[in-house]
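Student: Sharing coords-v1.txt, compact mmCIF, C-alpha atoms and all ligand atoms:
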```txt
# COMPACT_ATOMS: atom_id res chain seq x y z
CA MET A 1 -23.37 -11.54 12.65
CA THR A 2 -21.07 -12.30 9.71
CA TYR A 3 -17.55 -10.96 9.78
CA SER A 4 -14.89 -11.07 7.12
CA ARG A 5 -11.48 -12.63 7.57
CA ILE A 6 -8.24 -12.70 5.60
CA VAL A 7 -7.36 -16.37 5.01
CA GLY A 8 -4.45 -16.04 2.59
CA THR A 9 -2.00 -13.43 1.36
CA GLY A 10 0.58 -13.11 -1.40
CA ARG A 11 2.98 -10.59 -2.87
CA TYR A 12 4.99 -10.04 -6.00
CA LEU A 13 8.04 -7.85 -6.40
CA PRO A 14 9.68 -7.19 -9.79
CA GLU A 15 13.05 -8.89 -10.27
CA ARG A 16 15.04 -5.74 -10.95
CA VAL A 17 16.42 -4.18 -7.76
CA MET A 18 17.71 -0.63 -7.66
CA THR A 19 19.87 0.30 -4.67
CA ASN A 20 20.60 3.75 -3.27
CA PHE A 21 24.08 3.35 -4.76
CA ASP A 22 22.51 2.91 -8.21
CA LEU A 23 20.63 6.17 -7.64
CA GLU A 24 23.82 7.97 -6.60
CA LYS A 25 24.92 7.45 -10.21
CA ILE A 26 21.89 9.18 -11.75
CA VAL A 27 20.92 12.00 -9.36
CA ASP A 28 22.72 14.23 -6.83
CA THR A 29 22.04 12.10 -3.76
CA THR A 30 23.75 9.74 -1.33
CA ASP A 31 22.91 6.39 0.23
CA GLU A 32 23.40 8.10 3.59
CA TRP A 33 20.80 10.85 2.86
CA ILE A 34 18.20 8.42 1.55
CA LYS A 35 18.69 5.97 4.43
CA THR A 36 18.57 8.58 7.19
CA ARG A 37 15.75 10.71 5.78
CA THR A 38 13.52 7.87 4.51
CA GLY A 39 14.77 4.46 5.67
CA VAL A 40 14.86 3.19 2.06
CA GLU A 41 17.90 1.14 1.00
CA ARG A 42 16.64 -0.53 -2.18
CA ARG A 43 13.47 -0.82 -4.23
CA HIS A 44 12.13 -3.12 -6.95
CA VAL A 45 11.42 -1.60 -10.36
CA VAL A 46 9.23 -3.01 -13.15
CA GLU A 47 10.49 -3.52 -16.69
CA PRO A 48 9.02 -1.15 -19.30
CA ASP A 49 6.78 -3.89 -20.71
CA GLN A 50 5.61 -5.14 -17.29
CA THR A 51 2.16 -4.03 -16.12
CA THR A 52 0.37 -3.72 -12.81
CA SER A 53 -1.89 -6.65 -13.72
CA ASP A 54 1.20 -8.81 -14.41
CA MET A 55 2.26 -8.26 -10.80
CA CYS A 56 -1.28 -8.68 -9.41
CA VAL A 57 -1.73 -12.04 -11.13
CA GLU A 58 1.44 -13.39 -9.47
CA ALA A 59 0.54 -11.99 -6.03
CA ALA A 60 -3.03 -13.29 -6.34
CA LYS A 61 -1.87 -16.83 -7.26
CA LYS A 62 0.13 -16.96 -4.03
CA ALA A 63 -2.79 -15.64 -1.95
CA ILE A 64 -5.19 -18.15 -3.54
CA GLU A 65 -2.77 -20.99 -2.83
CA ALA A 66 -2.20 -19.86 0.77
CA ALA A 67 -5.96 -19.60 1.34
CA GLY A 68 -6.62 -23.02 -0.17
CA VAL A 69 -9.54 -21.69 -2.24
CA ASN A 70 -10.30 -22.33 -5.91
CA VAL A 71 -10.54 -19.57 -8.50
CA GLU A 72 -14.14 -20.74 -9.09
CA ASP A 73 -14.97 -19.69 -5.50
CA ILE A 74 -14.02 -16.04 -6.03
CA ASP A 75 -17.00 -13.75 -6.63
CA LEU A 76 -15.50 -10.32 -5.99
CA VAL A 77 -12.25 -8.76 -7.25
CA ILE A 78 -11.16 -5.32 -6.05
CA THR A 79 -7.85 -3.65 -6.83
CA GLY A 80 -6.61 -0.46 -5.22
CA THR A 81 -4.23 1.21 -7.66
CA THR A 82 -3.41 4.53 -9.28
CA THR A 83 -1.45 2.86 -12.07
CA PRO A 84 -3.95 0.52 -13.75
CA ASP A 85 -2.96 -1.10 -17.07
CA LEU A 86 -5.65 0.86 -18.90
CA ILE A 87 -8.36 3.38 -18.06
CA PHE A 88 -10.83 0.72 -19.14
CA PRO A 89 -11.47 -2.12 -18.89
CA ASN A 90 -10.73 -1.78 -15.21
CA ILE A 91 -7.73 -3.76 -13.99
CA SER A 92 -9.77 -6.14 -11.83
CA THR A 93 -11.54 -7.47 -14.92
CA ILE A 94 -8.16 -8.07 -16.58
CA ILE A 95 -6.95 -9.95 -13.50
CA GLN A 96 -10.25 -11.89 -13.18
CA HIS A 97 -9.96 -13.09 -16.78
CA ARG A 98 -6.24 -13.89 -16.60
CA LEU A 99 -6.71 -15.99 -13.45
CA GLY A 100 -9.71 -17.86 -14.87
CA ILE A 101 -12.07 -16.51 -12.22
CA PRO A 102 -15.69 -16.90 -13.43
CA ALA A 103 -17.59 -13.69 -14.30
CA CYS A 104 -18.15 -11.75 -11.09
CA THR A 105 -18.17 -8.28 -9.54
CA ALA A 106 -14.82 -6.70 -10.41
CA PHE A 107 -13.70 -3.12 -10.08
CA SER A 108 -10.75 -0.95 -9.15
CA LEU A 109 -10.53 2.09 -6.95
CA GLU A 110 -8.08 4.96 -6.63
CA ALA A 111 -7.06 6.12 -3.19
CA ALA A 112 -3.31 6.45 -3.85
CA CYS A 113 -1.29 4.86 -1.03
CA THR A 114 -4.51 4.11 0.90
CA GLY A 115 -5.81 1.99 -2.01
CA PHE A 116 -5.55 -1.40 -0.29
CA ILE A 117 -7.13 -0.14 2.94
CA TYR A 118 -10.05 1.29 0.92
CA ALA A 119 -10.34 -1.95 -1.10
CA LEU A 120 -10.25 -4.17 1.99
CA THR A 121 -12.83 -2.02 3.76
CA THR A 122 -15.10 -2.24 0.69
CA ALA A 123 -14.72 -6.04 0.53
CA ASP A 124 -15.51 -6.25 4.25
CA LYS A 125 -18.82 -4.48 3.60
CA PHE A 126 -19.68 -6.68 0.60
CA ILE A 127 -19.08 -9.76 2.74
CA LYS A 128 -21.05 -8.47 5.71
CA THR A 129 -24.14 -7.89 3.52
CA GLY A 130 -23.97 -11.51 2.35
CA ASP A 131 -23.34 -10.51 -1.29
CA THR A 132 -19.84 -11.95 -1.41
CA LYS A 133 -18.53 -15.38 -0.44
CA CYS A 134 -14.89 -15.00 -1.47
CA ALA A 135 -13.08 -11.78 -2.32
CA LEU A 136 -9.72 -11.25 -3.97
CA VAL A 137 -8.45 -7.90 -2.74
CA MET A 138 -5.27 -6.32 -4.05
CA GLY A 139 -3.14 -3.23 -3.73
CA ALA A 140 -0.66 -2.80 -6.56
CA GLU A 141 1.39 -0.15 -8.25
CA CYS A 142 3.84 0.50 -11.08
CA ILE A 143 4.52 3.84 -9.44
CA THR A 144 8.06 4.10 -10.84
CA LYS A 145 6.46 4.60 -14.27
CA LEU A 146 5.23 7.98 -12.98
CA VAL A 147 8.59 8.97 -11.56
CA ASP A 148 10.97 11.49 -13.10
CA TRP A 149 14.37 9.81 -12.64
CA THR A 150 16.10 13.21 -12.71
CA ASP A 151 14.15 14.55 -9.70
CA ARG A 152 15.99 13.55 -6.51
CA ASN A 153 13.11 14.83 -4.35
CA THR A 154 10.86 12.01 -5.52
CA CYS A 155 12.72 9.33 -7.47
CA VAL A 156 14.53 7.97 -4.39
CA LEU A 157 11.29 7.26 -2.57
CA PHE A 158 9.28 4.87 -4.70
CA GLY A 159 9.21 1.22 -5.76
CA ASP A 160 6.84 -1.21 -7.49
CA GLY A 161 4.98 -4.29 -6.31
CA ALA A 162 1.66 -6.00 -5.68
CA GLY A 163 0.03 -7.47 -2.60
CA ALA A 164 -3.08 -9.65 -2.48
CA ALA A 165 -5.44 -11.08 0.12
CA ILE A 166 -8.28 -13.60 0.02
CA VAL A 167 -11.14 -12.50 2.26
CA VAL A 168 -14.06 -14.76 3.21
CA PRO A 169 -17.05 -14.69 5.60
CA SER A 170 -16.44 -15.86 9.14
CA ASP A 171 -18.47 -16.27 12.33
CA GLU A 172 -15.67 -14.63 14.28
CA PRO A 173 -13.65 -11.53 13.38
CA GLY A 174 -11.52 -11.24 11.24
CA ILE A 175 -11.90 -7.62 10.51
CA ILE A 176 -13.08 -5.88 13.67
CA SER A 177 -13.25 -2.25 12.66
CA THR A 178 -12.34 0.03 9.78
CA ALA A 179 -11.95 3.79 9.48
CA LEU A 180 -11.51 5.79 6.27
CA GLY A 181 -11.08 9.47 5.50
CA ALA A 182 -10.17 11.88 2.73
CA ASP A 183 -9.84 15.61 2.24
CA GLY A 184 -9.30 17.13 -1.20
CA GLN A 185 -8.13 20.45 0.23
CA TYR A 186 -4.64 18.94 0.33
CA LYS A 187 -4.48 18.09 -3.38
CA GLU A 188 -1.61 20.48 -4.14
CA LEU A 189 0.70 18.85 -1.59
CA LEU A 190 0.90 15.54 -3.45
CA TYR A 191 -0.39 14.87 -6.93
CA TYR A 192 0.33 13.72 -10.44
CA PRO A 193 -0.50 16.50 -12.90
CA VAL A 194 -1.51 14.45 -15.93
CA GLY A 195 -4.80 12.60 -16.33
CA GLN A 196 -7.22 11.47 -18.98
CA SER A 197 -9.16 14.73 -18.74
CA THR A 198 -6.36 16.98 -17.48
CA ASP A 199 -3.33 18.10 -19.45
CA LEU A 200 -3.04 14.83 -21.32
CA ALA A 201 -0.64 16.55 -23.71
CA LYS A 202 1.94 16.70 -20.89
CA ALA A 203 2.13 12.87 -20.80
CA GLY A 204 5.65 11.73 -21.61
CA THR A 205 7.13 15.23 -21.03
CA ASP A 206 9.23 16.59 -18.14
CA GLU A 207 6.05 17.94 -16.58
CA ALA A 208 4.62 14.46 -16.07
CA ASN A 209 6.09 13.79 -12.63
CA ILE A 210 4.86 13.25 -9.10
CA ILE A 211 4.64 16.65 -7.40
CA MET A 212 5.11 16.58 -3.65
CA GLN A 213 5.79 19.03 -0.87
CA GLY A 214 7.39 16.32 1.25
CA ASN A 215 7.70 18.27 4.48
CA GLU A 216 4.07 19.32 4.50
CA VAL A 217 2.89 15.81 3.59
CA PHE A 218 4.99 14.46 6.44
CA LYS A 219 3.35 16.72 9.05
CA VAL A 220 -0.24 15.99 7.99
CA ALA A 221 0.53 12.26 7.65
CA VAL A 222 1.79 11.91 11.22
CA LYS A 223 -1.15 13.83 12.67
CA THR A 224 -3.83 12.13 10.56
CA LEU A 225 -2.46 8.60 10.90
CA GLY A 226 -2.47 8.93 14.69
CA ALA A 227 -6.13 9.95 14.62
CA ILE A 228 -7.25 7.28 12.14
CA ALA A 229 -5.49 4.52 14.08
CA GLN A 230 -7.19 5.66 17.27
CA GLU A 231 -10.55 5.77 15.48
CA ALA A 232 -10.33 2.09 14.51
CA LEU A 233 -9.32 1.18 18.08
CA ASP A 234 -12.14 3.24 19.63
CA LYS A 235 -14.76 1.76 17.30
CA ALA A 236 -13.70 -1.70 18.45
CA GLY A 237 -13.26 -0.82 22.13
CA VAL A 238 -9.68 -2.07 21.90
CA THR A 239 -6.75 -0.38 23.64
CA LYS A 240 -3.38 0.14 21.98
CA GLU A 241 -1.78 -2.07 24.62
CA GLU A 242 -3.73 -5.04 23.24
CA LEU A 243 -2.21 -4.73 19.75
CA ASP A 244 0.17 -7.46 18.65
CA TRP A 245 1.28 -5.89 15.36
CA LEU A 246 1.35 -2.60 13.50
CA VAL A 247 1.45 -3.02 9.71
CA PRO A 248 1.92 0.55 8.51
CA HIS A 249 2.17 2.17 5.11
CA GLN A 250 5.86 2.15 4.26
CA ALA A 251 6.44 5.73 3.08
CA ASN A 252 9.11 6.83 5.50
CA ILE A 253 10.76 5.17 8.52
CA ARG A 254 10.42 8.40 10.48
CA ILE A 255 6.63 8.51 9.96
CA ILE A 256 6.42 4.85 11.01
CA GLN A 257 8.49 5.51 14.13
CA ALA A 258 6.26 8.44 15.06
CA MET A 259 3.19 6.19 14.71
CA ALA A 260 4.76 3.37 16.72
CA LYS A 261 5.60 5.85 19.49
CA ARG A 262 2.03 7.16 19.54
CA LEU A 263 0.75 3.60 19.87
CA ASN A 264 3.39 2.68 22.48
CA MET A 265 4.58 -0.11 20.24
CA PRO A 266 8.23 -1.20 20.28
CA THR A 267 9.96 -1.67 16.91
CA GLU A 268 9.75 -5.46 17.35
CA LYS A 269 5.97 -5.20 16.93
CA VAL A 270 6.13 -3.22 13.70
CA ILE A 271 6.43 -4.88 10.29
CA LEU A 272 9.03 -2.89 8.37
CA THR A 273 9.63 -3.30 4.64
CA VAL A 274 10.48 0.28 3.70
CA GLN A 275 14.21 -0.58 3.59
CA ASP A 276 13.68 -3.25 0.92
CA HIS A 277 10.59 -2.05 -0.95
CA GLY A 278 10.58 1.76 -0.70
CA ASN A 279 7.17 3.40 -0.96
CA THR A 280 5.07 1.14 -3.19
CA SER A 281 1.90 3.18 -2.67
CA ALA A 282 -1.19 0.91 -2.61
CA ALA A 283 0.98 -2.24 -2.55
CA SER A 284 2.82 -1.25 0.59
CA VAL A 285 0.43 -2.48 3.31
CA PRO A 286 -0.62 -5.82 1.73
CA MET A 287 3.01 -6.67 0.91
CA ALA A 288 4.11 -5.85 4.47
CA LEU A 289 1.25 -7.98 5.82
CA ASP A 290 2.33 -10.87 3.61
CA VAL A 291 5.95 -10.51 4.75
CA GLY A 292 4.88 -10.66 8.42
CA ILE A 293 2.61 -13.65 7.89
CA ARG A 294 4.98 -15.67 5.70
CA ASP A 295 8.00 -15.22 7.95
CA GLY A 296 5.90 -16.48 10.87
CA ARG A 297 5.86 -13.32 12.95
CA ILE A 298 2.13 -12.55 12.59
CA LYS A 299 0.28 -15.58 13.93
CA LYS A 300 -3.31 -16.68 13.65
CA GLY A 301 -5.54 -14.99 16.23
CA GLN A 302 -3.22 -12.02 16.78
CA LEU A 303 -4.48 -8.45 16.72
CA VAL A 304 -3.16 -6.42 13.78
CA LEU A 305 -3.58 -2.73 13.00
CA MET A 306 -2.99 -1.64 9.40
CA GLU A 307 -2.89 2.01 8.38
CA ALA A 308 -2.11 4.12 5.33
CA PHE A 309 -1.98 7.70 4.09
CA GLY A 310 -1.67 9.04 0.57
CA GLY A 311 -2.42 11.59 -2.13
CA GLY A 312 -5.79 13.29 -1.94
CA PHE A 313 -5.18 13.23 0.93
CA THR A 314 -6.72 9.86 1.69
CA TRP A 315 -6.19 7.85 4.86
CA GLY A 316 -7.51 4.75 6.56
CA SER A 317 -7.01 1.97 9.07
CA VAL A 318 -8.18 -1.61 9.53
CA LEU A 319 -8.10 -3.45 12.84
CA MET A 320 -8.30 -7.23 12.53
CA ARG A 321 -7.48 -10.57 14.03
CA LEU A 322 -5.59 -12.77 11.63
O1 LIG A 401 3.09 7.77 0.51
C1 LIG A 401 2.38 8.96 0.38
C2 LIG A 401 2.72 9.91 1.42
N1 LIG A 401 4.06 10.41 1.26
C3 LIG A 401 4.79 10.62 2.33
O2 LIG A 401 4.36 10.29 3.40
C4 LIG A 401 6.10 11.34 2.18
C5 LIG A 401 6.28 12.27 3.36
N2 LIG A 401 7.49 13.07 3.30
C6 LIG A 401 8.72 12.55 3.48
O3 LIG A 401 8.86 11.35 3.63
C7 LIG A 401 9.91 13.49 3.56
O4 LIG A 401 9.43 14.82 3.62
C8 LIG A 401 10.89 13.34 2.37
C9 LIG A 401 11.65 12.05 2.53
C10 LIG A 401 10.14 13.36 1.05
C11 LIG A 401 11.91 14.48 2.39
O5 LIG A 401 12.60 14.50 3.63
P1 LIG A 401 12.77 15.87 4.43
O6 LIG A 401 13.55 15.56 5.61
O7 LIG A 401 11.39 16.42 4.64
O8 LIG A 401 13.65 16.72 3.45
P2 LIG A 401 13.31 18.12 2.77
O9 LIG A 401 12.31 17.93 1.68
O10 LIG A 401 13.00 19.12 3.83
O11 LIG A 401 14.71 18.47 2.14
C12 LIG A 401 15.84 18.72 2.97
C13 LIG A 401 17.04 18.94 2.07
C14 LIG A 401 16.79 19.92 0.96
O12 LIG A 401 17.97 20.68 0.78
P3 LIG A 401 18.11 22.17 1.36
O13 LIG A 401 16.99 22.93 0.76
O14 LIG A 401 17.97 22.01 2.86
O15 LIG A 401 19.46 22.58 0.91
C15 LIG A 401 16.58 19.06 -0.25
O16 LIG A 401 16.92 19.70 -1.44
O17 LIG A 401 17.39 17.69 1.44
C16 LIG A 401 17.51 17.91 0.03
N3 LIG A 401 17.13 16.69 -0.65
C17 LIG A 401 18.02 15.72 -0.93
N4 LIG A 401 19.34 15.60 -0.71
C18 LIG A 401 19.96 14.48 -1.12
C19 LIG A 401 15.92 16.31 -1.10
N5 LIG A 401 15.99 15.10 -1.68
C20 LIG A 401 17.29 14.71 -1.59
C21 LIG A 401 17.98 13.57 -2.00
N6 LIG A 401 19.30 13.49 -1.74
N7 LIG A 401 17.38 12.52 -2.63
```
What does the file become when written as structure tokens?
Tutor:
Amino acid sequence: MTYSRIVGTGRYLPERVMTNFDLEKIVDTTDEWIKTRTGVERRHVVEPDQTTSDMCVEAAKKAIEAAGVNVEDIDLVITGTTTPDLIFPNISTIIQHRLGIPACTAFSLEAACTGFIYALTTADKFIKTGDTKCALVMGAECITKLVDWTDRNTCVLFGDGAGAAIVVPSDEPGIISTALGADGQYKELLYYPVGQSTDLAKAGTDEANIIMQGNEVFKVAVKTLGAIAQEALDKAGVTKEELDWLVPHQANIRIIQAMAKRLNMPTEKVILTVQDHGNTSAASVPMALDVGIRDGRIKKGQLVLMEAFGGGFTWGSVLMRL
């Protein structure tokens, strides 16, 4: 049986940092409110001329270097994002070309904040069939470009960034189990109202803003994340007590704490980046994973549970040994 294994990770965060105190100057909010209700203290924000592929290229270079592979080895590129550079060509082809990766399978997928979990799960399946020998998998977002900076309900939450992982076949797991889900009945609770075939004329107007019923999203997120984490554990026959690390989607410290409690995991076993990154949507999980690996906390052979939840709603989890 062939498994897939992450052998290198990388992340990129834009240089510009916006603190809660900066936000106090532009909307009716306080550092205290943002910190207590969300856990966010600062976030990185792209420049107007910076694109999602710019960030992905930098994150990917670090992952490639960490993995010790050559760009010529890569034969699959998948990017989870809702903010691609263009509608087409898809962002993975842009990244493939910019990195000098030879022509290969390259596509992007949209699953909002669950984008990386969906992309990693897809790469896992490509590798298990024998079709892929080396995958570059990314989750990246210029989500602040969708934000209305006059709306305190949403602008305090988000940040930009990119995370990348190199995934290769392995005799031993690696990825042990994956679980994905989605239910479009929740669309109205969290969505962006402008698309290429929907109300395109609203682009650039006040109406082009992330629409979210935060409280409702919060409730479904806690319930669904608990179930999807358990599903990955059950599929693998692993108990929560065996977990070494939880690498959660970084939307809100209170959601993360609820998840950690459900899994009986102390804070020391949870990788937290929400305070520094904010909610970076699809980039959140791969960047948190990279933080935990690079600072030496997540060690080779340890059991890691990643989970995410986002617009759609979409949700998913991946259980793996590093
Ligand atoms: O990543 C995709 C998934 N997304 C999520 O998981 C987000 C889930 N939801 C959340 O994280 C939280 O619901 C929020 C952080 C978005 C909001 O926190 P909350 O505790 O649910 O606050 P709320 O929306 O119930 O608002 C409470 C009060 C309201 O005032 P009133 O009506 O009680 O007078 C808001 O107007 O807080 C007010 N408020 C703010 N006050 C200061 C909302 N935003 C702000 C703000 N600063 N930035």
Student: List every protein, DNA or RNA residue that has an atom no more than 10 Å from (-0.3, -8.0, -6.7) in the file's coordinate frame, counting only C-alpha atoms, and report them as a PyMOL selection string.
Tutor: chain A and resi 9-13+52-63+79-80+95+137-141+160-165+282-283+286-287
Student: Please extract the residues at most 9 Å from ligand LIG 401 (chain A), counting only C-alpha atoms and all ligand atoms, and provide them as JSON, numbers by chain, using the chain letters and residue numbers of this document.
Tutor: {"A": [23, 24, 27, 28, 29, 30, 31, 32, 33, 34, 36, 37, 38, 39, 112, 113, 114, 151, 152, 153, 154, 155, 156, 157, 158, 190, 212, 213, 214, 215, 216, 217, 218, 219, 220, 221, 222, 249, 250, 251, 252, 253, 254, 255, 279, 280, 281, 282, 308, 309, 310, 311, 313]}
Student: Show which residues sit within 8 Å of range 226-229 of chain A, as a count of residues only. Count all atoms listed in the file, and ignore same-chain residues fewer than 2 positions away.
Tutor: 16
Student: Please provide as a PyMOL selection string all residues within 10 Å of Glu268 in chain A, with the sequence filter that same-chain residues fewer than 2 positions apart are discarded (counting only C-alpha atoms).
Tutor: chain A and resi 244-246+265-266+270-272+297
Student: How many Å lie between CA of Asp276 in chain A and CA of Pro14 in chain A, rounded to one decimal?
Tutor: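 So the two atoms, CA of Asp276 in chain A and CA of Pro14 in chain A, lie 12.1 Å apart.
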Student: Just to confirm, what's the straight-line distance from CA of Leu120 in chain A to CA of Pro102 in chain A in Å (one decimal)?
Tutor: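 That distance, rounded to one decimal, is 20.7 Å.
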Student: Box along x, y and z, 8 Å on every side, all listed atoms of range 81-100 of chain A inside: centre and edge lengths in Å to one decimal, as AutoDock Vina command-line options.
Tutor:
```
--center_x -6.5 --center_y -6.7 --center_z -13.4 --size_x 26.1 --size_y 38.4 --size_z 27.5
```
Student: Between CA of Ile127 in chain A and CA of Val318 in chain A, what is the distance, to one decimal in Å?
Tutor: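 Calculated distance between CA of Ile127 in chain A and CA of Val318 in chain A is 15.2 Å.
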Student: Using only C-alpha atoms, can you list as a PyMOL selection string the residues within 7 Å of (-15.6, -0.6, 12.3)?
Tutor: chain A and resi 176-179+232+235-236
Student: Give me the residues within 9 Å of Ser170 in chain A as an MDAnalysis selection string, counting all atoms listed in the file and dropping any in the same chain fewer than 6 places off.
Tutor: chainID A and resid 1:5
Student: Extract, using all atoms listed in the file, all DNA, RNA and protein residues at most 10 Å from Thr239 in chain A, discarding same-chain residues fewer than 5 positions from it, and format them as a list in words.
Tutor: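 Selected residues are Gln230, Leu233, Asp234 and Leu263 of chain A.
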Student: Write the residues of the preceding selection, restricted to C-alpha atoms, as a PDB file, in the frame of the given file.
Tutor:
```pdb
ATOM      1  CA  GLN A 230      -7.190   5.660  17.270  1.00  0.00           C
ATOM      2  CA  LEU A 233      -9.320   1.180  18.080  1.00  0.00           C
ATOM      3  CA  ASP A 234     -12.140   3.240  19.630  1.00  0.00           C
ATOM      4  CA  LEU A 263       0.750   3.600  19.870  1.00  0.00           C
TER       5      LEU A 263
END
```
Student: When distances are computed from all atoms listed in the file, which of A:Arg321, A:Lys202, A:His277, A:Arg43 shows the smallest separation from Leu243 in chain A?
Tutor: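 Under the stated criterion, the closest residue is A:Arg321.
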Student: Calculated over only C-alpha atoms, which of the candidates A:Thr81, A:Thr150, A:Thr144, A:Gln50 has the smallest distance to Lys25 in chain A?
Tutor: A:Thr150
Student: Please identify all polymer residues within 12 Å of Gly100 in chain A, counting all atoms listed in the file, omitting same-chain residues fewer than 2 positions from it, and present them as an NGL selection string.
Tutor: :A and (57 or 60-61 or 70-75 or 93-98 or 102-104)
Student: Take the residues that were just selected and, keeping C-alpha atoms, output them as a short mmCIF file (atom, residue, chain, number, x, y, z; two decimals), in the frame of the given file.
Tutor:
```
data_model
loop_
_atom_site.label_atom_id
_atom_site.label_comp_id
_atom_site.auth_asym_id
_atom_site.auth_seq_id
_atom_site.Cartn_x
_atom_site.Cartn_y
_atom_site.Cartn_z
CA VAL A 57 -1.73 -12.04 -11.13
CA ALA A 60 -3.03 -13.29 -6.34
CA LYS A 61 -1.87 -16.83 -7.26
CA ASN A 70 -10.30 -22.33 -5.91
CA VAL A 71 -10.54 -19.57 -8.50
CA GLU A 72 -14.14 -20.74 -9.09
CA ASP A 73 -14.97 -19.69 -5.50
CA ILE A 74 -14.02 -16.04 -6.03
CA ASP A 75 -17.00 -13.75 -6.63
CA THR A 93 -11.54 -7.47 -14.92
CA ILE A 94 -8.16 -8.07 -16.58
CA ILE A 95 -6.95 -9.95 -13.50
CA GLN A 96 -10.25 -11.89 -13.18
CA HIS A 97 -9.96 -13.09 -16.78
CA ARG A 98 -6.24 -13.89 -16.60
CA PRO A 102 -15.69 -16.90 -13.43
CA ALA A 103 -17.59 -13.69 -14.30
CA CYS A 104 -18.15 -11.75 -11.09
#
```
Student: Counting all atoms listed in the file, which of A:Lys35, A:Lys133, A:Leu86, A:Lys261 gets nearest to Ile166 in chain A?
Tutor: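 Selected residue with least distance to Ile166 in chain A: A:Lys133.
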Student: Which one of A:Val45, A:Ile6, A:Leu200, A:Ile210 sits closest to Val304 in chain A if you count all atoms listed in the file?
Tutor: A:Ile6
Student: For Ala208 in chain A, which of A:Met18, A:Val194, A:Ala106, A:Gln302 is the closest residue, counting all atoms listed in the file?
Tutor: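 So, comparing all the options, the nearest one is A:Val194.
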Student: Could I get range 58-69 of chain A from the block written as a compact mmCIF listing (two decimals), in the first residue's frame, with N, CA, C and O atoms?
Tutor:
```
# COMPACT_ATOMS: atom_id res chain seq x y z
N GLU A 58 6.60 32.25 -3.14
CA GLU A 58 7.56 32.35 -2.02
C GLU A 58 7.37 31.20 -1.03
O GLU A 58 8.36 30.61 -0.55
N ALA A 59 6.13 30.87 -0.71
CA ALA A 59 5.87 29.77 0.23
C ALA A 59 6.35 28.45 -0.37
O ALA A 59 6.96 27.61 0.31
N ALA A 60 6.08 28.27 -1.67
CA ALA A 60 6.46 27.02 -2.35
C ALA A 60 7.98 26.85 -2.37
O ALA A 60 8.49 25.75 -2.15
N LYS A 61 8.71 27.95 -2.62
CA LYS A 61 10.19 27.85 -2.66
C LYS A 61 10.71 27.31 -1.33
O LYS A 61 11.62 26.48 -1.29
N LYS A 62 10.12 27.77 -0.24
CA LYS A 62 10.57 27.32 1.08
C LYS A 62 10.23 25.84 1.29
O LYS A 62 11.02 25.08 1.86
N ALA A 63 9.04 25.44 0.85
CA ALA A 63 8.63 24.04 1.02
C ALA A 63 9.52 23.13 0.18
O ALA A 63 9.93 22.05 0.63
N ILE A 64 9.84 23.57 -1.04
CA ILE A 64 10.69 22.77 -1.94
C ILE A 64 12.08 22.61 -1.33
O ILE A 64 12.65 21.52 -1.31
N GLU A 65 12.59 23.70 -0.78
CA GLU A 65 13.91 23.66 -0.14
C GLU A 65 13.89 22.73 1.08
O GLU A 65 14.77 21.89 1.26
N ALA A 66 12.86 22.87 1.90
CA ALA A 66 12.77 22.04 3.11
C ALA A 66 12.66 20.56 2.76
O ALA A 66 13.18 19.70 3.47
N ALA A 67 11.96 20.27 1.65
CA ALA A 67 11.76 18.87 1.26
C ALA A 67 12.99 18.30 0.58
O ALA A 67 13.14 17.07 0.47
N GLY A 68 13.85 19.17 0.08
CA GLY A 68 15.04 18.71 -0.64
C GLY A 68 14.70 18.08 -1.98
O GLY A 68 15.39 17.17 -2.44
N VAL A 69 13.61 18.54 -2.61
CA VAL A 69 13.26 18.02 -3.95
C VAL A 69 13.64 19.08 -4.99
O VAL A 69 13.92 20.24 -4.64
```
